[in-house]
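Printed here is query.txt (compact mmCIF, C-alpha atoms):
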```txt
# COMPACT_ATOMS: atom_id res chain seq x y z
CA MET A 1 0.00 0.00 0.00
CA GLN A 2 1.50 3.30 -1.05
CA ASN A 3 1.66 6.24 1.35
CA ASP A 4 0.26 4.31 4.26
CA PRO A 5 3.34 3.55 6.32
CA LEU A 6 3.21 2.06 9.77
CA ILE A 7 5.33 4.15 12.13
CA ILE A 8 6.57 2.74 15.42
CA ALA A 9 9.05 4.62 17.60
CA GLY A 10 9.99 6.77 14.61
CA ARG A 11 10.68 3.79 12.38
CA GLU A 12 8.73 3.44 9.20
CA PHE A 13 7.49 0.08 7.97
CA THR A 14 5.90 -0.44 4.58
CA SER A 15 4.24 -3.79 5.24
CA ARG A 16 1.41 -4.31 7.70
CA LEU A 17 1.98 -8.04 7.64
CA TRP A 18 4.83 -9.19 9.86
CA VAL A 19 5.90 -12.82 9.83
CA GLY A 20 7.70 -15.32 12.00
CA THR A 21 10.40 -17.56 10.61
CA GLY A 22 9.81 -20.76 12.58
CA LYS A 23 8.43 -24.15 11.58
CA TYR A 24 9.39 -24.06 7.90
CA LYS A 25 10.79 -27.10 6.07
CA ASP A 26 14.07 -25.34 5.33
CA PHE A 27 15.57 -21.87 4.93
CA ALA A 28 14.83 -21.81 1.19
CA GLU A 29 11.14 -22.26 1.91
CA THR A 30 11.32 -19.66 4.71
CA LYS A 31 12.82 -17.16 2.29
CA LYS A 32 10.26 -17.82 -0.46
CA ALA A 33 7.34 -17.56 1.96
CA ILE A 34 8.63 -14.28 3.39
CA GLU A 35 9.08 -12.88 -0.11
CA ALA A 36 5.57 -13.96 -1.09
CA SER A 37 4.13 -12.35 2.06
CA GLY A 38 5.68 -8.98 1.27
CA ALA A 39 6.55 -8.59 4.96
CA ASP A 40 9.37 -6.24 5.88
CA VAL A 41 9.57 -7.30 9.51
CA VAL A 42 10.50 -10.86 10.42
CA THR A 43 10.73 -12.34 13.89
CA VAL A 44 13.55 -14.60 14.99
CA ALA A 45 14.40 -16.46 18.18
CA VAL A 46 17.69 -16.42 20.09
CA ARG A 47 19.21 -19.83 20.70
CA ARG A 48 22.55 -21.54 21.30
CA VAL A 49 24.78 -21.85 18.24
CA ASN A 50 25.35 -25.46 17.24
CA ILE A 51 29.06 -25.78 18.02
CA THR A 52 29.41 -29.44 17.11
CA ASP A 53 28.05 -29.13 13.57
CA ARG A 54 29.20 -25.89 12.00
CA SER A 55 28.09 -26.94 8.51
CA LYS A 56 24.52 -25.86 9.18
CA ASP A 57 23.35 -22.73 7.41
CA ASN A 58 22.37 -19.66 9.37
CA LEU A 59 18.89 -18.24 8.85
CA LEU A 60 20.25 -14.72 8.59
CA ASP A 61 22.30 -15.71 5.55
CA TYR A 62 18.95 -16.01 3.77
CA LEU A 63 17.50 -12.70 4.94
CA ASP A 64 18.98 -9.51 3.59
CA PRO A 65 19.25 -7.13 6.57
CA LYS A 66 18.79 -4.17 4.22
CA LYS A 67 15.46 -5.54 3.10
CA TYR A 68 14.08 -6.82 6.40
CA THR A 69 13.86 -5.54 9.92
CA ILE A 70 14.89 -8.43 12.12
CA LEU A 71 12.74 -8.55 15.23
CA PRO A 72 14.19 -10.90 17.85
CA ASN A 73 11.78 -12.38 20.35
CA THR A 74 12.01 -13.82 23.84
CA ALA A 75 9.92 -16.85 22.90
CA GLY A 76 10.08 -19.66 25.39
CA CYS A 77 10.72 -17.43 28.41
CA TYR A 78 8.49 -18.14 31.39
CA ASN A 79 9.79 -15.55 33.83
CA VAL A 80 10.99 -11.96 33.87
CA GLU A 81 14.63 -12.85 34.46
CA ASP A 82 14.83 -15.16 31.42
CA ALA A 83 13.03 -12.66 29.21
CA LEU A 84 15.50 -9.92 30.23
CA ARG A 85 18.44 -12.23 29.59
CA TYR A 86 17.26 -13.18 26.10
CA ALA A 87 16.40 -9.59 25.21
CA ARG A 88 19.88 -8.43 26.24
CA LEU A 89 21.50 -11.30 24.32
CA ALA A 90 19.45 -10.41 21.25
CA ARG A 91 20.68 -6.85 21.42
CA ALA A 92 24.27 -8.00 21.98
CA ALA A 93 24.00 -10.17 18.88
CA GLY A 94 23.85 -6.84 17.19
CA VAL A 95 20.74 -6.46 15.13
CA SER A 96 18.92 -3.60 16.85
CA ASP A 97 17.21 -2.37 20.01
CA LEU A 98 13.92 -3.87 18.90
CA ILE A 99 12.59 -6.74 20.95
CA LYS A 100 9.36 -8.68 20.72
CA LEU A 101 8.85 -9.31 24.40
CA GLU A 102 7.18 -12.53 25.46
CA VAL A 103 6.83 -13.59 29.07
CA LEU A 104 4.74 -16.71 28.97
CA GLY A 105 2.56 -17.89 31.81
CA ASP A 106 1.55 -21.40 30.89
CA GLU A 107 2.80 -24.08 28.51
CA ARG A 108 -0.54 -25.39 27.44
CA THR A 109 -2.03 -22.09 26.31
CA LEU A 110 1.16 -20.06 25.88
CA PHE A 111 -0.86 -17.18 27.27
CA PRO A 112 1.28 -14.30 28.48
CA ASP A 113 2.06 -13.71 32.14
CA THR A 114 0.90 -10.12 31.93
CA ALA A 115 2.22 -9.09 35.37
CA GLY A 116 5.67 -10.37 34.41
CA LEU A 117 5.33 -8.80 30.98
CA ILE A 118 4.70 -5.30 32.36
CA GLU A 119 7.59 -5.67 34.81
CA ALA A 120 10.01 -6.86 32.10
CA ALA A 121 8.82 -4.18 29.66
CA LYS A 122 9.44 -1.43 32.22
CA ILE A 123 13.03 -2.60 32.80
CA LEU A 124 13.85 -3.03 29.11
CA VAL A 125 12.39 0.35 28.14
CA LYS A 126 14.69 1.93 30.77
CA GLU A 127 17.61 0.10 29.16
CA GLY A 128 16.77 1.71 25.82
CA PHE A 129 14.99 -1.17 24.14
CA ILE A 130 12.10 -0.63 21.76
CA VAL A 131 9.75 -3.09 23.42
CA LEU A 132 6.94 -4.65 21.42
CA PRO A 133 5.05 -6.78 23.94
CA TYR A 134 3.06 -9.91 23.10
CA THR A 135 0.05 -9.58 25.36
CA ASN A 136 -3.45 -10.77 26.07
CA ASP A 137 -6.53 -9.13 24.54
CA ASP A 138 -6.90 -7.10 27.75
CA PRO A 139 -7.27 -3.32 27.25
CA ILE A 140 -6.14 -2.50 30.80
CA VAL A 141 -2.92 -4.48 30.44
CA ALA A 142 -2.38 -2.91 27.01
CA GLN A 143 -2.65 0.56 28.57
CA LYS A 144 -0.21 -0.38 31.32
CA LEU A 145 2.28 -1.52 28.70
CA VAL A 146 1.95 1.85 26.97
CA ASP A 147 2.35 3.60 30.33
CA VAL A 148 5.71 1.89 30.92
CA GLY A 149 6.89 3.03 27.48
CA CYS A 150 6.00 0.41 24.87
CA PRO A 151 5.60 2.16 21.49
CA ALA A 152 3.21 -0.53 20.20
CA VAL A 153 1.19 -3.34 21.72
CA MET A 154 0.71 -6.83 20.29
CA PRO A 155 -2.45 -8.49 21.60
CA LEU A 156 -3.22 -12.06 20.64
CA ALA A 157 -6.17 -13.07 18.49
CA ALA A 158 -6.13 -16.62 19.88
CA PRO A 159 -3.49 -18.91 21.42
CA ILE A 160 -0.18 -19.07 19.54
CA GLY A 161 -0.28 -21.61 16.72
CA SER A 162 -3.95 -22.44 17.38
CA GLY A 163 -5.36 -21.04 14.12
CA LEU A 164 -8.61 -20.26 15.92
CA GLY A 165 -8.85 -16.76 14.45
CA ILE A 166 -10.14 -13.64 16.18
CA ARG A 167 -11.65 -15.02 19.40
CA ASN A 168 -12.60 -11.74 20.99
CA PRO A 169 -13.14 -9.03 18.38
CA TYR A 170 -14.85 -6.77 20.92
CA ASN A 171 -11.89 -6.67 23.28
CA LEU A 172 -9.55 -6.09 20.36
CA LYS A 173 -11.80 -3.27 19.16
CA ILE A 174 -11.75 -1.70 22.62
CA ILE A 175 -7.95 -1.94 22.66
CA MET A 176 -7.81 -0.27 19.24
CA GLU A 177 -10.08 2.54 20.42
CA MET A 178 -8.48 3.07 23.83
CA ILE A 179 -4.81 2.65 23.06
CA LYS A 180 -3.07 5.45 21.25
CA VAL A 181 -0.10 3.48 19.92
CA PRO A 182 -0.08 1.02 17.00
CA ILE A 183 -1.78 -2.31 17.69
CA ILE A 184 -0.35 -5.39 16.06
CA VAL A 185 -2.56 -8.46 16.31
CA ASP A 186 -0.15 -11.26 17.06
CA ALA A 187 -0.87 -14.98 17.15
CA GLY A 188 -3.88 -17.17 16.53
CA VAL A 189 -4.70 -16.29 12.93
CA GLY A 190 -5.65 -19.37 10.90
CA THR A 191 -6.42 -18.22 7.40
CA ALA A 192 -6.67 -15.15 5.20
CA SER A 193 -10.13 -14.04 6.35
CA ASP A 194 -8.87 -13.90 9.95
CA ALA A 195 -6.10 -11.52 8.91
CA ALA A 196 -8.53 -9.38 6.91
CA PHE A 197 -10.91 -9.29 9.87
CA ALA A 198 -8.16 -8.13 12.23
CA MET A 199 -7.30 -5.31 9.84
CA GLU A 200 -10.97 -4.38 9.32
CA LEU A 201 -11.31 -4.01 13.08
CA GLY A 202 -8.58 -1.39 12.90
CA ALA A 203 -5.41 -3.28 13.70
CA ASP A 204 -2.32 -1.47 12.46
CA ALA A 205 -0.62 -4.73 11.49
CA VAL A 206 -0.85 -8.49 11.90
CA LEU A 207 1.98 -10.78 12.93
CA MET A 208 1.77 -14.48 12.17
CA ASN A 209 3.92 -17.55 11.75
CA THR A 210 2.09 -20.89 11.99
CA ALA A 211 -0.81 -19.87 9.72
CA ILE A 212 1.71 -19.55 6.90
CA ALA A 213 4.41 -22.07 7.83
CA GLY A 214 1.87 -24.74 8.76
CA ALA A 215 -0.27 -24.39 5.62
CA GLN A 216 -0.08 -27.17 3.06
CA ASP A 217 1.39 -24.66 0.63
CA PRO A 218 3.12 -22.04 2.78
CA ILE A 219 4.16 -19.86 -0.15
CA ALA A 220 0.62 -19.63 -1.54
CA MET A 221 -0.72 -18.92 1.96
CA ALA A 222 1.89 -16.20 2.45
CA GLU A 223 0.61 -14.52 -0.70
CA ALA A 224 -3.01 -14.94 0.43
CA MET A 225 -2.12 -13.25 3.73
CA LYS A 226 -0.51 -10.34 1.90
CA TYR A 227 -3.74 -9.68 -0.02
CA ALA A 228 -5.91 -10.25 3.07
CA VAL A 229 -4.00 -7.71 5.16
CA HIS A 230 -4.06 -5.27 2.26
CA ALA A 231 -7.79 -5.75 1.65
CA GLY A 232 -8.60 -5.50 5.35
CA ARG A 233 -6.62 -2.29 5.68
CA LEU A 234 -8.32 -0.73 2.65
CA ALA A 235 -11.75 -1.76 3.94
CA TYR A 236 -10.99 -0.26 7.35
CA LYS A 237 -9.88 3.02 5.80
CA ALA A 238 -12.82 3.03 3.39
CA GLY A 239 -15.26 2.75 6.32
CA ARG A 240 -17.80 -0.02 6.18
CA ILE A 241 -21.57 0.48 6.05
CA THR A 242 -23.54 0.10 9.24
CA ARG A 243 -25.28 -3.22 9.82
CA LYS A 244 -29.06 -3.07 9.43
CA LEU A 245 -31.55 -5.81 10.13
CA TYR A 246 -33.74 -5.14 7.09
CA ALA A 247 -33.06 -4.65 3.42
CA THR A 248 -32.36 -1.32 1.74
CA ALA A 249 -32.98 -1.42 -2.01
CA SER A 250 -29.98 -0.61 -4.17
CA SER A 251 -32.03 0.10 -7.31
CA PRO A 252 -34.36 3.14 -7.49
CA ILE A 253 -38.12 2.63 -7.41
CA GLU A 254 -38.61 5.68 -9.67
CA GLY A 255 -39.08 4.80 -13.35
CA MET A 256 -40.61 1.41 -12.70
CA LEU A 257 -43.67 0.34 -14.71
CA MET B 1 53.24 -24.48 25.45
CA THR B 2 50.76 -23.42 28.02
CA ASP B 3 48.62 -25.78 30.03
CA ALA B 4 45.20 -26.72 28.80
CA ILE B 5 42.17 -25.72 30.85
CA GLN B 6 38.65 -27.09 30.89
CA ILE B 7 35.74 -24.80 30.09
CA GLN B 8 32.06 -25.30 29.31
CA VAL B 9 30.78 -24.03 25.97
CA ASN B 10 27.03 -24.12 25.32
CA GLY B 11 26.69 -26.74 28.02
CA GLU B 12 29.50 -28.98 26.77
CA GLN B 13 32.91 -29.51 28.35
CA ARG B 14 35.91 -28.80 26.20
CA GLY B 15 39.61 -28.16 26.56
CA CYS B 16 41.21 -24.91 25.62
CA ARG B 17 44.61 -23.17 25.76
CA ALA B 18 45.27 -21.49 29.06
CA ASP B 19 45.91 -18.10 27.47
CA ALA B 20 43.03 -18.24 24.99
CA THR B 21 40.57 -15.38 24.69
CA VAL B 22 36.89 -15.53 23.83
CA GLY B 23 37.86 -14.36 20.34
CA ASP B 24 40.30 -17.30 20.01
CA LEU B 25 37.56 -19.71 21.04
CA LEU B 26 35.14 -18.31 18.43
CA ARG B 27 37.80 -18.58 15.71
CA GLU B 28 38.59 -22.15 16.75
CA LEU B 29 34.90 -23.00 16.49
CA ALA B 30 34.70 -21.21 13.13
CA ILE B 31 31.95 -18.94 14.41
CA LYS B 32 31.64 -15.58 12.72
CA THR B 33 31.34 -12.86 15.28
CA GLU B 34 28.68 -10.87 13.46
CA ARG B 35 25.28 -11.64 14.88
CA VAL B 36 26.37 -13.77 17.78
CA ALA B 37 26.05 -12.90 21.42
CA VAL B 38 28.49 -14.28 23.95
CA GLU B 39 27.86 -14.71 27.62
CA LEU B 40 30.84 -15.41 29.88
CA ASN B 41 29.74 -16.66 33.30
CA LEU B 42 26.36 -14.94 32.78
CA GLU B 43 27.94 -11.63 31.78
CA ILE B 44 27.07 -10.52 28.25
CA LEU B 45 30.21 -9.40 26.44
CA GLU B 46 30.53 -6.60 23.96
CA ARG B 47 31.89 -7.68 20.62
CA LYS B 48 34.91 -5.38 20.97
CA ASP B 49 35.89 -7.23 24.14
CA PHE B 50 35.99 -10.72 22.59
CA ASP B 51 39.74 -10.50 22.00
CA GLN B 52 40.46 -8.96 25.41
CA ARG B 53 38.65 -11.40 27.65
CA SER B 54 40.73 -14.45 28.47
CA LEU B 55 39.28 -17.74 29.57
CA LYS B 56 39.89 -19.39 32.92
CA GLN B 57 39.48 -22.92 34.21
CA GLY B 58 35.79 -23.69 34.76
CA ASP B 59 34.45 -20.70 32.78
CA ARG B 60 31.00 -21.13 31.33
CA VAL B 61 30.59 -19.67 27.86
CA GLU B 62 27.30 -19.38 26.01
CA ILE B 63 27.32 -18.52 22.30
CA LEU B 64 23.94 -17.61 20.87
CA SER B 65 22.56 -16.53 17.55
CA PHE B 66 19.26 -16.10 15.76
CA ILE B 67 17.20 -19.00 14.52
CA GLY B 68 13.84 -19.25 12.86
CA GLY B 69 11.12 -18.44 15.31
CA GLY B 70 7.80 -16.83 15.72
CA ALA B 71 6.54 -18.52 18.76
CA PRO B 72 7.71 -21.49 20.77
CA VAL B 73 6.74 -24.86 19.43
CA ALA B 74 5.06 -26.24 22.45
CA ALA B 75 2.00 -27.73 23.99
CA GLN B 76 -0.21 -27.68 20.93
CA TYR B 77 1.90 -30.45 19.46
CA ARG B 78 1.79 -32.60 22.56
CA GLY B 79 -1.74 -33.79 22.01
CA ARG B 80 -3.13 -31.99 25.03
CA GLY B 81 -4.64 -29.04 23.28
CA LEU B 82 -8.01 -28.40 21.81
CA VAL B 83 -7.97 -29.51 18.20
CA HIS B 84 -10.80 -28.70 15.83
CA ALA B 85 -11.49 -30.80 12.80
CA GLU B 86 -11.43 -28.49 9.81
```
Would you put the structure from the file into structure tokens?
Amino acid sequence: MQNDPLIIAGREFTSRLWVGTGKYKDFAETKKAIEASGADVVTVAVRRVNITDRSKDNLLDYLDPKKYTILPNTAGCYNVEDALRYARLARAAGVSDLIKLEVLGDERTLFPDTAGLIEAAKILVKEGFIVLPYTNDDPIVAQKLVDVGCPAVMPLAAPIGSGLGIRNPYNLKIIMEMIKVPIIVDAGVGTASDAAFAMELGADAVLMNTAIAGAQDPIAMAEAMKYAVHAGRLAYKAGRITRKLYATASSPIEGML
Amino acid sequence: MTDAIQIQVNGEQRGCRADATVGDLLRELAIKTERVAVELNLEILERKDFDQRSLKQGDRVEILSFIGGGAPVAAQYRGRGLVHAE
């Protein structure tokens, strides 16, 4: 979409679809899917380097840093201390101050521990990080995250990897109305209509991984998501008609026999 | 020749020269220093310090980098979660 940039903490992004890089068959497929999605922000995890087998390729060899903003996450962290450690390691690895902050509360749902999230966000913001927090669809928590200095908030649509779609559109809508920073719907999207719906509600962007990587044809799904996010954004900006219970004729009565 | 010391790298024991630096270790492991983070006994090192910091017996070194990730692969694949038939 031309002239409709997403601006977060003074940084300009052209794509409103952000994608994760996990769960793909190989790096070649990851690269093709990201290209097909048109995303300019890609999330990555921080993990130990394989020191016994150095022949393995590195994901970042496949992603041109000039073309993509690399957004490291703290995925897999279940307490504040771990999340801080991974965020600091991500920054030390030298990509940027951006961090997608996850402090998870439970393995089965992967729902965020929002108390831990706010605490970790506050500390990282003070350390100069640009903190993008993965949070619940709770408007009060979203506001608290903004209050501690997060320049965007990333509420979930449904549990990570569940593909259940937008479970609570009303809460998301309240978040979008109440919160004055960009809202990125993160996690739970299953197919293109879910992404379009999130954007129609007024989300500023959508972040997904499994919906693309887990599709039977990830590259085709990546392309579908690109169009869905684009269509949803256009529809949101166009302003939909109000819902009415009864019909309103589209053709004039005047001139009829 | 200097004596060899034992250190732990990414959870595994290995021997190393007594006067080796973190930078030497990374070169020995053929790890490019761009886009890696190194923790020495829980302290995150700045890249410019890799060649200054020498290793001691019993040091714990963690070398991390970026891998594909969006979210953790977890419970939903363990058969405990709610699964809808499509």
Segment 188-190 of chain A surroundings by all atoms listed in the file, 9 Å radius, close-in-sequence under 5 positions cut, as a VMD selection string: chain A and resid 156 to 167 195 198 206 to 212
For the residues in the current selection, export C-alpha atoms as a tab-separated table (two decimals), keeping the file's coordinate frame.
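Wrote it out as result11.tsv, contents follow:
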```
chain	number	residue	atom	x	y	z
A	156	LEU	CA	-3.22	-12.06	20.64
A	157	ALA	CA	-6.17	-13.07	18.49
A	158	ALA	CA	-6.13	-16.62	19.88
A	159	PRO	CA	-3.49	-18.91	21.42
A	160	ILE	CA	-0.18	-19.07	19.54
A	161	GLY	CA	-0.28	-21.61	16.72
A	162	SER	CA	-3.95	-22.44	17.38
A	163	GLY	CA	-5.36	-21.04	14.12
A	164	LEU	CA	-8.61	-20.26	15.92
A	165	GLY	CA	-8.85	-16.76	14.45
A	166	ILE	CA	-10.14	-13.64	16.18
A	167	ARG	CA	-11.65	-15.02	19.40
A	195	ALA	CA	-6.10	-11.52	8.91
A	198	ALA	CA	-8.16	-8.13	12.23
A	206	VAL	CA	-0.85	-8.49	11.90
A	207	LEU	CA	1.98	-10.78	12.93
A	208	MET	CA	1.77	-14.48	12.17
A	209	ASN	CA	3.92	-17.55	11.75
A	210	THR	CA	2.09	-20.89	11.99
A	211	ALA	CA	-0.81	-19.87	9.72
A	212	ILE	CA	1.71	-19.55	6.90
```
Chain A contacts to chain B at 7 Å (all atoms listed in the file) as a PyMOL selection string: chain A and resi 20-22+43-49+51+59+75-76+89+92-95+107-108+160+209
Contact residues around Val141 of chain A with all atoms listed in the file at 12 Å, ignoring same-chain residues under 3 positions, as a PyMOL selection string: chain A and resi 112-119+121+133-138+144-148+150+153-155+171+175+178-179
Length of the atom CA of Thr191 of chain A to atom CA of Val229 of chain A vector [Å]: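 According to the coordinates, atom CA of Thr191 of chain A and atom CA of Val229 of chain A are separated by 11.0 Å.
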Proximity to Ala20 of chain B - best of B:Leu40, B:Leu55, B:Ile5, B:Lys48, all atoms listed in the file: B:Leu55
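Straight-line separation from atom CA of Leu234 of chain A to atom CA of Thr69 of chain A: 23.8 Å.
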Between atom CA of Gly202 of chain A and atom CA of Thr109 of chain A, distance in Å (one decimal): 25.5 Å
